[in-house]
Amino acid sequence: MTVSIITVIYNNARTLEDTISSVLSQTYSDIEYWIIDGGSNDGSVEIIKKYEPMFEGRMHWISERDKGVYDAMNKGITRCTGDIVGMLNSDDHFTSNDVVERIVNGFSEDIDAVFGDVHFVSNANPNQCVRYYSSAKFRPALLRWGYMPAHPSFYARREVYEKYGLYSLNYEICADYDMMVRLFWKHKIKYKYLNFDFVTMRTGGISTANMRNRLKISLEDVKACRAYGMFTCFPMVCMKYFTKVFEFRFS
């Protein structure tokens with residue numbers, strides 16, 4: 001079973017090597033790795049070229065302008081050939097060397113997608129967990145409250161995208177949330193939660209950059225739910241921010 005991993009990048013040479021190295025070190029060997037670069041000019045392409053021979057034909061990449069992160073993800077999905085597809089952001093890396101192997105073992109014939117947990121670290125101390133996001137309590141009905149599985153831990157069969165579509169470019173920040181509502185609520189795909197930590201993420205992503213982005217996220221969450229016939233409202237999706245306090249780790 002081939003696993004296609006897609007990394008989208010634009011001018012993120014600072015962390016890209018950690019991302020690529022974590023893919024290269026996986027114990028599961030049947031990996032097809034796609035890097036979709038948005039035309040970086042900070043040395044990212046040179047890093048990609050440096051690592052390409054180490055994958056012995058399993059790495060593929062393009063570097064060209066795109067319409068944003070979700071357009072780049074779509075480019076990766078349409079190009080990959082694996083049985084299972086997942087995303088690994090260029091700020092992130094796999095938490096352990098056996099993550100992909102455990103993902104593959106989690107799939108059975110009746111399962112369309114799996115997901116698990118992720119944790120966040122600060123740039124100042126990459127070895128210290130500052131937030132742990134568990135997907136354990138996810139149920140499709142909770143989407144109306146703004147709660148979804150950790151997207152960096154989401155792996156689906158490629159035919160799921162072929163049947164139900166790619167990431168919508170009608171969202172600035174929340175096309176991943178739109179995808180989750182579409183798949184879990186509208187199309188009721190079969191899923192399994194895997195109880196382990198998939199990905200180490202660095203804090204400071206676009207979704208948590210400032211209050212304006214948090215407001216936009218909530219508005220786009222409402223838009224996505226209503227697009228697929230799920231009732232929600234602005235106060236309901238904002239409730240997720242009250243529960244996030246329990247995810248943080250204080251030393």
# chains A, B, ... in the order shown; residues from 1 in each chain; ligands from 1
$ residues_around --residues "region 118-133 of chain A" --least-positions-apart "4" --cutoff "8 Å" --atoms "only C-alpha atoms" --output "ChimeraX atom specification"
/A:150,152-153,197-203,247-250
$ select_by_dssp --residues "region 121-179 of chain A" --states "helix (DSSP H, G or I)" --output "PyMOL selection string"
chain A and resi 140-145+151-153+158-164+175-179
$ residues_around --residues "region 33-37 of chain A" --least-positions-apart "2" --cutoff "7 Å" --atoms "only C-alpha atoms" --output "MDAnalysis selection string"
chainID A and resid 4:10 31 39:40 58:64 72 76
$ write_last_selection --atoms "N, CA and C atoms" --output "tab-separated table (two decimals), in the first residue's frame"
chain	number	residue	atom	x	y	z
A	4	SER	N	1.07	8.45	-0.17
A	4	SER	CA	1.53	9.70	-0.75
A	4	SER	C	1.50	10.78	0.33
A	5	ILE	N	2.66	11.39	0.57
A	5	ILE	CA	2.76	12.48	1.54
A	5	ILE	C	3.05	13.76	0.77
A	6	ILE	N	2.29	14.80	1.06
A	6	ILE	CA	2.40	16.07	0.34
A	6	ILE	C	2.85	17.16	1.29
A	7	THR	N	3.93	17.85	0.93
A	7	THR	CA	4.40	19.00	1.67
A	7	THR	C	4.28	20.24	0.80
A	8	VAL	N	3.55	21.21	1.29
A	8	VAL	CA	3.38	22.49	0.60
A	8	VAL	C	4.33	23.50	1.24
A	9	ILE	N	5.04	24.24	0.43
A	9	ILE	CA	6.02	25.18	0.99
A	9	ILE	C	6.09	26.45	0.16
A	10	TYR	N	6.37	27.55	0.86
A	10	TYR	CA	6.75	28.80	0.20
A	10	TYR	C	7.68	29.55	1.14
A	31	ILE	N	6.62	4.89	0.28
A	31	ILE	CA	6.16	6.28	0.37
A	31	ILE	C	6.47	7.00	-0.93
A	39	GLY	N	7.21	28.70	-5.56
A	39	GLY	CA	8.15	29.62	-6.21
A	39	GLY	C	9.06	30.29	-5.21
A	40	SER	N	9.56	29.53	-4.26
A	40	SER	CA	10.40	30.09	-3.19
A	40	SER	C	11.70	30.67	-3.75
A	58	ARG	N	11.66	8.29	-5.12
A	58	ARG	CA	10.37	8.37	-4.44
A	58	ARG	C	9.94	9.81	-4.16
A	59	MET	N	10.83	10.78	-4.39
A	59	MET	CA	10.47	12.19	-4.21
A	59	MET	C	10.18	12.84	-5.57
A	60	HIS	N	9.13	13.64	-5.59
A	60	HIS	CA	8.76	14.42	-6.77
A	60	HIS	C	8.46	15.84	-6.31
A	61	TRP	N	8.75	16.81	-7.14
A	61	TRP	CA	8.49	18.18	-6.72
A	61	TRP	C	8.26	19.09	-7.91
A	62	ILE	N	7.56	20.18	-7.65
A	62	ILE	CA	7.39	21.25	-8.63
A	62	ILE	C	7.61	22.57	-7.90
A	63	SER	N	8.02	23.58	-8.62
A	63	SER	CA	8.17	24.92	-8.06
A	63	SER	C	7.58	25.91	-9.04
A	64	GLU	N	6.44	26.46	-8.67
A	64	GLU	CA	5.73	27.41	-9.52
A	64	GLU	C	4.74	28.20	-8.68
A	72	ALA	N	-2.14	24.67	-3.66
A	72	ALA	CA	-0.94	23.83	-3.70
A	72	ALA	C	-1.25	22.41	-3.23
A	76	GLY	N	-0.88	18.76	-5.33
A	76	GLY	CA	-0.27	17.53	-4.86
A	76	GLY	C	-1.20	16.35	-4.97
$ residues_around --residues "Leu16 (chain A)" --least-positions-apart "5" --cutoff "9 Å" --atoms "only C-alpha atoms" --output "ChimeraX atom specification"
/A:9,21,44,47-48,89-93
$ atom_distance --atom1 "CA of Pro53 (chain A)" --atom2 "CA of Thr19 (chain A)"
16.0 Å
$ residues_around --residues "Asp112 (chain A)" --least-positions-apart "4" --cutoff "8 Å" --atoms "only C-alpha atoms" --output "PyMOL selection string"
chain A and resi 107+156-157+160+189-191
$ write_last_selection --atoms "all heavy atoms" --output "PDB file, in the first residue's frame"
ATOM      1  N   PHE A 107      -5.456   1.182   8.757  1.00  0.00           N
ATOM      2  CA  PHE A 107      -6.468   1.063   7.707  1.00  0.00           C
ATOM      3  C   PHE A 107      -6.926  -0.393   7.574  1.00  0.00           C
ATOM      4  O   PHE A 107      -6.131  -1.313   7.612  1.00  0.00           O
ATOM      5  CB  PHE A 107      -5.907   1.533   6.364  1.00  0.00           C
ATOM      6  CG  PHE A 107      -6.057   3.007   6.116  1.00  0.00           C
ATOM      7  CD1 PHE A 107      -5.076   3.892   6.533  1.00  0.00           C
ATOM      8  CD2 PHE A 107      -7.180   3.523   5.472  1.00  0.00           C
ATOM      9  CE1 PHE A 107      -5.198   5.247   6.303  1.00  0.00           C
ATOM     10  CE2 PHE A 107      -7.312   4.875   5.238  1.00  0.00           C
ATOM     11  CZ  PHE A 107      -6.315   5.746   5.660  1.00  0.00           C
ATOM     12  N   ALA A 156      -6.383   9.934   4.160  1.00  0.00           N
ATOM     13  CA  ALA A 156      -7.559   9.360   3.504  1.00  0.00           C
ATOM     14  C   ALA A 156      -7.145   8.587   2.265  1.00  0.00           C
ATOM     15  O   ALA A 156      -6.090   8.836   1.669  1.00  0.00           O
ATOM     16  CB  ALA A 156      -8.540  10.463   3.120  1.00  0.00           C
ATOM     17  N   ARG A 157      -7.987   7.650   1.880  1.00  0.00           N
ATOM     18  CA  ARG A 157      -7.764   6.959   0.617  1.00  0.00           C
ATOM     19  C   ARG A 157      -7.881   7.965  -0.522  1.00  0.00           C
ATOM     20  O   ARG A 157      -8.706   8.878  -0.477  1.00  0.00           O
ATOM     21  CB  ARG A 157      -8.783   5.833   0.439  1.00  0.00           C
ATOM     22  CG  ARG A 157      -8.665   4.732   1.484  1.00  0.00           C
ATOM     23  CD  ARG A 157      -9.570   3.559   1.161  1.00  0.00           C
ATOM     24  NE  ARG A 157      -9.534   2.560   2.222  1.00  0.00           N
ATOM     25  CZ  ARG A 157      -8.623   1.598   2.333  1.00  0.00           C
ATOM     26  NH1 ARG A 157      -7.669   1.505   1.417  1.00  0.00           N
ATOM     27  NH2 ARG A 157      -8.666   0.731   3.325  1.00  0.00           N
ATOM     28  N   VAL A 160     -11.216   8.885  -2.016  1.00  0.00           N
ATOM     29  CA  VAL A 160     -12.095   9.803  -1.288  1.00  0.00           C
ATOM     30  C   VAL A 160     -12.073  11.179  -1.959  1.00  0.00           C
ATOM     31  O   VAL A 160     -13.120  11.802  -2.168  1.00  0.00           O
ATOM     32  CB  VAL A 160     -11.665   9.909   0.191  1.00  0.00           C
ATOM     33  CG1 VAL A 160     -12.368  11.074   0.885  1.00  0.00           C
ATOM     34  CG2 VAL A 160     -11.962   8.603   0.926  1.00  0.00           C
ATOM     35  N   ILE A 189     -18.163   9.461   5.479  1.00  0.00           N
ATOM     36  CA  ILE A 189     -17.105   8.483   5.247  1.00  0.00           C
ATOM     37  C   ILE A 189     -16.811   7.706   6.535  1.00  0.00           C
ATOM     38  O   ILE A 189     -17.047   8.183   7.646  1.00  0.00           O
ATOM     39  CB  ILE A 189     -15.818   9.161   4.724  1.00  0.00           C
ATOM     40  CG1 ILE A 189     -15.215  10.090   5.791  1.00  0.00           C
ATOM     41  CG2 ILE A 189     -16.090   9.899   3.430  1.00  0.00           C
ATOM     42  CD1 ILE A 189     -13.826  10.580   5.444  1.00  0.00           C
ATOM     43  N   LYS A 190     -16.294   6.503   6.368  1.00  0.00           N
ATOM     44  CA  LYS A 190     -15.958   5.644   7.496  1.00  0.00           C
ATOM     45  C   LYS A 190     -14.553   6.003   7.995  1.00  0.00           C
ATOM     46  O   LYS A 190     -13.611   6.101   7.199  1.00  0.00           O
ATOM     47  CB  LYS A 190     -15.997   4.172   7.091  1.00  0.00           C
ATOM     48  CG  LYS A 190     -17.329   3.729   6.519  1.00  0.00           C
ATOM     49  CD  LYS A 190     -18.443   3.811   7.545  1.00  0.00           C
ATOM     50  CE  LYS A 190     -19.754   3.272   6.975  1.00  0.00           C
ATOM     51  NZ  LYS A 190     -20.864   3.365   7.951  1.00  0.00           N
ATOM     52  N   TYR A 191     -14.410   6.180   9.291  1.00  0.00           N
ATOM     53  CA  TYR A 191     -13.137   6.658   9.819  1.00  0.00           C
ATOM     54  C   TYR A 191     -12.741   5.886  11.072  1.00  0.00           C
ATOM     55  O   TYR A 191     -13.544   5.185  11.686  1.00  0.00           O
ATOM     56  CB  TYR A 191     -13.219   8.150  10.135  1.00  0.00           C
ATOM     57  CG  TYR A 191     -14.206   8.500  11.230  1.00  0.00           C
ATOM     58  CD1 TYR A 191     -13.824   8.520  12.571  1.00  0.00           C
ATOM     59  CD2 TYR A 191     -15.540   8.819  10.921  1.00  0.00           C
ATOM     60  CE1 TYR A 191     -14.723   8.841  13.565  1.00  0.00           C
ATOM     61  CE2 TYR A 191     -16.451   9.145  11.914  1.00  0.00           C
ATOM     62  CZ  TYR A 191     -16.028   9.150  13.237  1.00  0.00           C
ATOM     63  OH  TYR A 191     -16.931   9.462  14.226  1.00  0.00           O
TER      64      TYR A 191
END
$ select_by_dssp --residues "region 30-226 of chain A" --states "strand (DSSP E or B)" --output "CSV table (one decimal) with N, CA, C and O atoms, in the first residue's frame"
chain,number,residue,atom,x,y,z
A,31,ILE,N,6.6,4.9,0.3
A,31,ILE,CA,6.2,6.3,0.4
A,31,ILE,C,6.5,7.0,-0.9
A,31,ILE,O,7.6,6.9,-1.5
A,32,GLU,N,5.5,7.7,-1.4
A,32,GLU,CA,5.7,8.6,-2.5
A,32,GLU,C,5.6,10.0,-2.0
A,32,GLU,O,4.6,10.4,-1.4
A,33,TYR,N,6.7,10.8,-2.1
A,33,TYR,CA,6.7,12.1,-1.5
A,33,TYR,C,6.7,13.2,-2.5
A,33,TYR,O,7.5,13.3,-3.4
A,34,TRP,N,5.7,14.1,-2.4
A,34,TRP,CA,5.5,15.2,-3.2
A,34,TRP,C,5.7,16.5,-2.5
A,34,TRP,O,5.1,16.7,-1.4
A,35,ILE,N,6.6,17.4,-3.0
A,35,ILE,CA,6.8,18.7,-2.4
A,35,ILE,C,6.3,19.7,-3.5
A,35,ILE,O,6.7,19.7,-4.6
A,36,ILE,N,5.3,20.5,-3.0
A,36,ILE,CA,4.7,21.5,-3.9
A,36,ILE,C,5.2,22.9,-3.4
A,36,ILE,O,4.7,23.4,-2.4
A,37,ASP,N,6.1,23.5,-4.2
A,37,ASP,CA,6.7,24.8,-3.8
A,37,ASP,C,6.1,25.9,-4.6
A,37,ASP,O,5.8,25.8,-5.8
A,59,MET,N,10.8,10.8,-4.4
A,59,MET,CA,10.5,12.2,-4.2
A,59,MET,C,10.2,12.8,-5.6
A,59,MET,O,10.9,12.6,-6.5
A,60,HIS,N,9.1,13.6,-5.6
A,60,HIS,CA,8.8,14.4,-6.8
A,60,HIS,C,8.5,15.8,-6.3
A,60,HIS,O,8.0,16.0,-5.2
A,61,TRP,N,8.8,16.8,-7.1
A,61,TRP,CA,8.5,18.2,-6.7
A,61,TRP,C,8.3,19.1,-7.9
A,61,TRP,O,8.7,18.8,-9.0
A,62,ILE,N,7.6,20.2,-7.6
A,62,ILE,CA,7.4,21.2,-8.6
A,62,ILE,C,7.6,22.6,-7.9
A,62,ILE,O,7.4,22.7,-6.7
A,63,SER,N,8.0,23.6,-8.6
A,63,SER,CA,8.2,24.9,-8.1
A,63,SER,C,7.6,25.9,-9.0
A,63,SER,O,8.1,26.1,-10.1
A,84,ILE,N,-3.1,5.9,-0.2
A,84,ILE,CA,-3.4,6.8,0.9
A,84,ILE,C,-2.7,8.1,0.7
A,84,ILE,O,-1.6,8.2,0.3
A,85,VAL,N,-3.4,9.2,1.1
A,85,VAL,CA,-2.9,10.5,0.9
A,85,VAL,C,-2.9,11.3,2.3
A,85,VAL,O,-3.9,11.3,2.9
A,86,GLY,N,-1.8,12.0,2.6
A,86,GLY,CA,-1.8,12.8,3.8
A,86,GLY,C,-0.9,14.0,3.5
A,86,GLY,O,-0.1,14.1,2.6
A,87,MET,N,-1.0,15.1,4.4
A,87,MET,CA,-0.3,16.3,4.3
A,87,MET,C,0.7,16.4,5.4
A,87,MET,O,0.4,16.0,6.6
A,93,HIS,N,7.0,18.1,11.5
A,93,HIS,CA,7.7,16.9,11.2
A,93,HIS,C,7.1,15.7,11.9
A,93,HIS,O,6.3,16.0,12.9
A,94,PHE,N,7.2,14.5,11.5
A,94,PHE,CA,6.7,13.4,12.1
A,94,PHE,C,7.3,13.2,13.5
A,94,PHE,O,8.5,13.4,13.7
A,113,ALA,N,-10.7,6.8,6.1
A,113,ALA,CA,-9.7,7.8,6.6
A,113,ALA,C,-9.4,7.5,8.0
A,113,ALA,O,-10.2,6.9,8.8
A,114,VAL,N,-8.2,7.9,8.4
A,114,VAL,CA,-7.8,7.8,9.8
A,114,VAL,C,-7.2,9.1,10.3
A,114,VAL,O,-6.9,10.0,9.4
A,115,PHE,N,-7.2,9.3,11.6
A,115,PHE,CA,-6.6,10.5,12.1
A,115,PHE,C,-6.2,10.3,13.5
A,115,PHE,O,-6.6,9.3,14.2
A,116,GLY,N,-5.4,11.1,14.1
A,116,GLY,CA,-4.9,11.0,15.5
A,116,GLY,C,-4.6,12.3,16.1
A,116,GLY,O,-5.4,13.2,16.0
A,117,ASP,N,-3.5,12.3,16.9
A,117,ASP,CA,-3.2,13.5,17.7
A,117,ASP,C,-2.0,14.2,17.1
A,117,ASP,O,-1.2,13.7,16.3
A,118,VAL,N,-1.8,15.5,17.5
A,118,VAL,CA,-0.6,16.3,17.2
A,118,VAL,C,-0.2,17.1,18.4
A,118,VAL,O,-1.0,17.2,19.3
A,119,HIS,N,1.0,17.5,18.5
A,119,HIS,CA,1.4,18.4,19.5
A,119,HIS,C,2.2,19.6,19.0
A,119,HIS,O,2.8,19.5,17.9
A,120,PHE,N,2.2,20.7,19.8
A,120,PHE,CA,2.9,21.9,19.4
A,120,PHE,C,4.1,22.2,20.2
A,120,PHE,O,4.1,21.9,21.4
A,121,VAL,N,5.1,22.7,19.6
A,121,VAL,CA,6.3,23.1,20.3
A,121,VAL,C,6.6,24.6,20.0
A,121,VAL,O,6.2,25.1,18.9
A,129,CYS,N,6.8,20.3,24.7
A,129,CYS,CA,5.4,20.4,24.3
A,129,CYS,C,4.7,21.6,25.0
A,129,CYS,O,4.6,21.6,26.2
A,130,VAL,N,4.1,22.5,24.2
A,130,VAL,CA,3.3,23.6,24.8
A,130,VAL,C,1.8,23.4,24.6
A,130,VAL,O,1.0,24.1,25.2
A,131,ARG,N,1.4,22.5,23.7
A,131,ARG,CA,0.0,22.2,23.5
A,131,ARG,C,-0.1,20.9,22.9
A,131,ARG,O,0.6,20.5,22.0
A,132,TYR,N,-1.1,20.1,23.4
A,132,TYR,CA,-1.4,18.8,22.8
A,132,TYR,C,-2.8,18.8,22.3
A,132,TYR,O,-3.8,19.0,23.1
A,133,TYR,N,-3.0,18.5,21.0
A,133,TYR,CA,-4.3,18.4,20.4
A,133,TYR,C,-4.7,17.0,20.1
A,133,TYR,O,-4.1,16.3,19.3
A,155,TYR,N,-5.4,11.3,7.2
A,155,TYR,CA,-5.0,10.5,6.0
A,155,TYR,C,-6.2,9.8,5.5
A,155,TYR,O,-6.9,9.1,6.2
A,156,ALA,N,-6.4,9.9,4.2
A,156,ALA,CA,-7.6,9.4,3.5
A,156,ALA,C,-7.1,8.6,2.3
A,156,ALA,O,-6.1,8.8,1.7
A,157,ARG,N,-8.0,7.7,1.9
A,157,ARG,CA,-7.8,7.0,0.6
A,157,ARG,C,-7.9,8.0,-0.5
A,157,ARG,O,-8.7,8.9,-0.5
A,191,TYR,N,-14.4,6.2,9.3
A,191,TYR,CA,-13.1,6.7,9.8
A,191,TYR,C,-12.7,5.9,11.1
A,191,TYR,O,-13.5,5.2,11.7
A,192,LYS,N,-11.5,6.1,11.4
A,192,LYS,CA,-10.9,5.5,12.7
A,192,LYS,C,-10.0,6.4,13.3
A,192,LYS,O,-9.1,7.0,12.7
A,193,TYR,N,-10.1,6.6,14.6
A,193,TYR,CA,-9.2,7.4,15.4
A,193,TYR,C,-8.0,6.5,15.9
A,193,TYR,O,-8.2,5.4,16.4
A,194,LEU,N,-6.8,6.9,15.6
A,194,LEU,CA,-5.6,6.2,16.1
A,194,LEU,C,-5.0,6.9,17.2
A,194,LEU,O,-4.6,8.1,17.1
A,195,ASN,N,-4.9,6.2,18.4
A,195,ASN,CA,-4.5,6.9,19.6
A,195,ASN,C,-3.0,7.0,19.7
A,195,ASN,O,-2.3,6.3,20.5
A,196,PHE,N,-2.4,7.9,18.9
A,196,PHE,CA,-1.0,8.3,19.1
A,196,PHE,C,-0.7,9.6,18.4
A,196,PHE,O,-1.5,10.2,17.7
A,197,ASP,N,0.5,10.1,18.7
A,197,ASP,CA,0.9,11.5,18.3
A,197,ASP,C,1.5,11.4,16.9
A,197,ASP,O,2.6,10.8,16.8
A,198,PHE,N,0.9,11.9,15.9
A,198,PHE,CA,1.4,11.9,14.6
A,198,PHE,C,2.5,12.9,14.3
A,198,PHE,O,3.5,12.5,13.7
A,199,VAL,N,2.2,14.1,14.6
A,199,VAL,CA,3.0,15.2,14.1
A,199,VAL,C,3.4,16.2,15.2
A,199,VAL,O,2.6,16.5,16.1
A,200,THR,N,4.7,16.7,15.1
A,200,THR,CA,5.2,17.8,15.9
A,200,THR,C,5.1,19.1,15.1
A,200,THR,O,5.6,19.2,14.0
A,201,MET,N,4.3,20.0,15.6
A,201,MET,CA,4.0,21.3,14.9
A,201,MET,C,4.7,22.5,15.7
A,201,MET,O,4.7,22.5,16.9
A,202,ARG,N,5.1,23.4,14.9
A,202,ARG,CA,5.6,24.7,15.5
A,202,ARG,C,4.5,25.7,15.7
A,202,ARG,O,3.6,25.8,14.8
$ residues_around --residues "Asp83 (chain A)" --least-positions-apart "3" --cutoff "7 Å" --atoms "only C-alpha atoms" --output "short mmCIF file (atom, residue, chain, number, x, y, z; two decimals) with N, CA, C and O atoms, in the first residue's frame"
data_model
loop_
_atom_site.label_atom_id
_atom_site.label_comp_id
_atom_site.auth_asym_id
_atom_site.auth_seq_id
_atom_site.Cartn_x
_atom_site.Cartn_y
_atom_site.Cartn_z
N MET A 1 0.86 -1.19 0.00
CA MET A 1 0.00 0.00 0.00
C MET A 1 0.89 1.24 0.00
O MET A 1 1.65 1.48 0.94
N THR A 2 0.80 2.02 -1.05
CA THR A 2 1.63 3.22 -1.18
C THR A 2 0.98 4.40 -0.47
O THR A 2 -0.22 4.64 -0.62
N VAL A 3 1.78 5.13 0.29
CA VAL A 3 1.32 6.33 0.98
C VAL A 3 1.92 7.56 0.30
O VAL A 3 3.15 7.65 0.20
N ARG A 157 -7.99 7.65 1.88
CA ARG A 157 -7.76 6.96 0.62
C ARG A 157 -7.88 7.96 -0.52
O ARG A 157 -8.71 8.88 -0.48
N ARG A 158 -7.07 7.78 -1.55
CA ARG A 158 -7.05 8.73 -2.66
C ARG A 158 -8.41 8.82 -3.35
O ARG A 158 -8.84 9.88 -3.80
#
$ closest_residue --among "A:Phe242, A:Tyr70, A:Phe138, A:Phe234" --to "Ala175 (chain A)" --atoms "only C-alpha atoms"
A:Tyr70
$ closest_atom_pairs --of "region 58-147 of chain A" --to "region 171-174 of chain A" --cutoff "12 Å" --atoms "only C-alpha atoms" --output "CSV"
residue,atom,partner,partner_atom,distance
A:Lys67,CA,A:Glu172,CA,10.3
A:Gly68,CA,A:Glu172,CA,8.5
A:Val69,CA,A:Ile173,CA,9.0
A:Tyr70,CA,A:Glu172,CA,8.7
A:Asp71,CA,A:Tyr171,CA,10.8
A:Gly146,CA,A:Cys174,CA,10.7
$ atom_distance --atom1 "CA of Asp66 (chain A)" --atom2 "CA of Gly38 (chain A)"
5.7 Å
$ closest_residue --among "A:Val100, A:Gly57, A:Asn11, A:Cys80" --to "Ser25 (chain A)" --atoms "only C-alpha atoms"
A:Val100
